[in-house]
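Engineer: I am attaching a structure below and will ask some questions about it afterwards.
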2 protein chains.
Amino acid sequence: MENSTDHAEQVVDDLSAFKLAFRRLAAGVSAVTARDPDGRPVGFTATSLASLAAVPPLATFNMARVSSAWRAIEQTDHVIIHMLGSRNRRVAEIMAGDHDHRFDGDHWAPGPLGLPVLKDVPAWMLGRIVGRYPVHENAVIVVQIEDGSLGDTDEALLYHERTFLRPGDPA
Amino acid sequence: MENSTDHAEQVVDDLSAFKLAFRRLAAGVSAVTARDPDGRPVGFTATSLASLAAVPPLATFNMARVSSAWRAIEQTDHVIIHMLGSRNRRVAEIMAGDHDHRFDGDHWAPGPLGLPVLKDVPAWMLGRIVGRYPVHENAVIVVQIEDGSLGDTDEALLYHERTFLRPGDPA
């Protein structure tokens, strides 16, 4: 049988390996916005946005249920998902910063269903939440895309090794 | 009421917008391997791998339930998740190619629990499947990381605009 010291070491080792491994995976950067039950805009920068299916158009993102936006995501039917480009780096930082000030300024405007749409992004989509799967203190959210708009093209915005990057040369 | 032509157009528009929008999101490239119930190695290249939590270490990936690997993922308890680097571009192509030939060659070896481990990757992790959430013809898979190994560092491998890329300059 494991003793508690061994177990604690194992947990630390797993966590360390996990963090180091995920640091080696680059991610595209997106931002999710919604309205909370009182109508206030909420949002966050996400590196977990992924396509789930094309027909019907489905996507997923992950979030902590202790995050400032969880109450909104838990109760609303719709979100806006934004694909961020390298020109949106400042917006990515704002939407990952102090949650009381993420909508201070003119970097957004009300869009479909009154939801906050971030300006000047390469693409945004209106998503209807069709699944919320709690796992420990977190949740996987599944959305079905119902509408969207393409903006001016841009280099994608990446997050890798704790830095915002542009795409580089062919591998 | 919508007539069927309008509805068909709307579906096409949604699909088109969805595909164009997701093309503007860059993704890190990973590969997932497992054993099917007959012990045969299965695997696939994934662009949906995302961290869900650090404590406990949880990750998610998405797949089609019509894919060649679904039977294995549906029935096995464990998978290996590999973070691919730019030196693994060929392996990424093999693991996205003809599923009868993905394990032809010496680019892998049996690892923990006999699972196929791809060689010379920047990082791999042993994941225990703790959730399978079917959504239409697809599924979100949640794994808890139980073990792992770091290899030589490398530039991350990206997939964007249908091309494998390296990370570039700061945004």
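Labels for the structure tokens follow display order: chains A, B, ..., residues from 1 in each chain, ligands from 1.
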Kindly determine which residues of chain B lie within 7 Å of chain A, considering only C-alpha atoms, and give the answer as a PyMOL selection string.
Structural biologist: chain B and resi 14-15+17-18+21+24-28+48+50-54+57+62-63+83+86+89+123+138+146-148+150+156+158+164-171
Engineer: Could you give me the residues within chain A that DSSP places in strand (DSSP E), as a PyMOL selection string?
Structural biologist: chain A and resi 27-28+30-35+41-46+50-53+58-64+78-83+108-110+116-118+123-135+138-150+158-160+163-170
Engineer: Quick one, how far is atom CA of Asp77 of chain A from atom CA of Ile129 of chain A?
Structural biologist: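 That distance, rounded to one decimal, is 5.4 Å.
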Engineer: Using only C-alpha atoms for the distances, tell me which of A:Arg162, A:Val32, A:Val42, A:Trp70 is nearest to His101 of chain A.
Structural biologist: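 Among A:Arg162, A:Val32, A:Val42, A:Trp70, it is A:Val42 that comes nearest to His101 of chain A.
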Engineer: Write out as JSON, numbers by chain the set of residues from segment 78-119 of chain B that DSSP, computed on the backbone, places in helix (DSSP H, G or I).
Structural biologist: {"B": [86, 87, 88, 89, 90, 91, 92, 93, 94, 112, 113, 114]}
Engineer: For Glu74 of chain A, please output as a list in words all residues within 9 Å (counting only C-alpha atoms; exclusion window: fewer than 5 positions along the same chain).
Structural biologist: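 Non-adjacent residues within range: Arg65, Ala69 and Arg132 of chain A.
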Engineer: For each of A:Glu93, A:Ser68, A:Thr33, A:Arg128, take the minimum atom-to-atom distance to Ala109 of chain A, counting only C-alpha atoms, then give the residue where this is smallest.
Structural biologist: A:Thr33
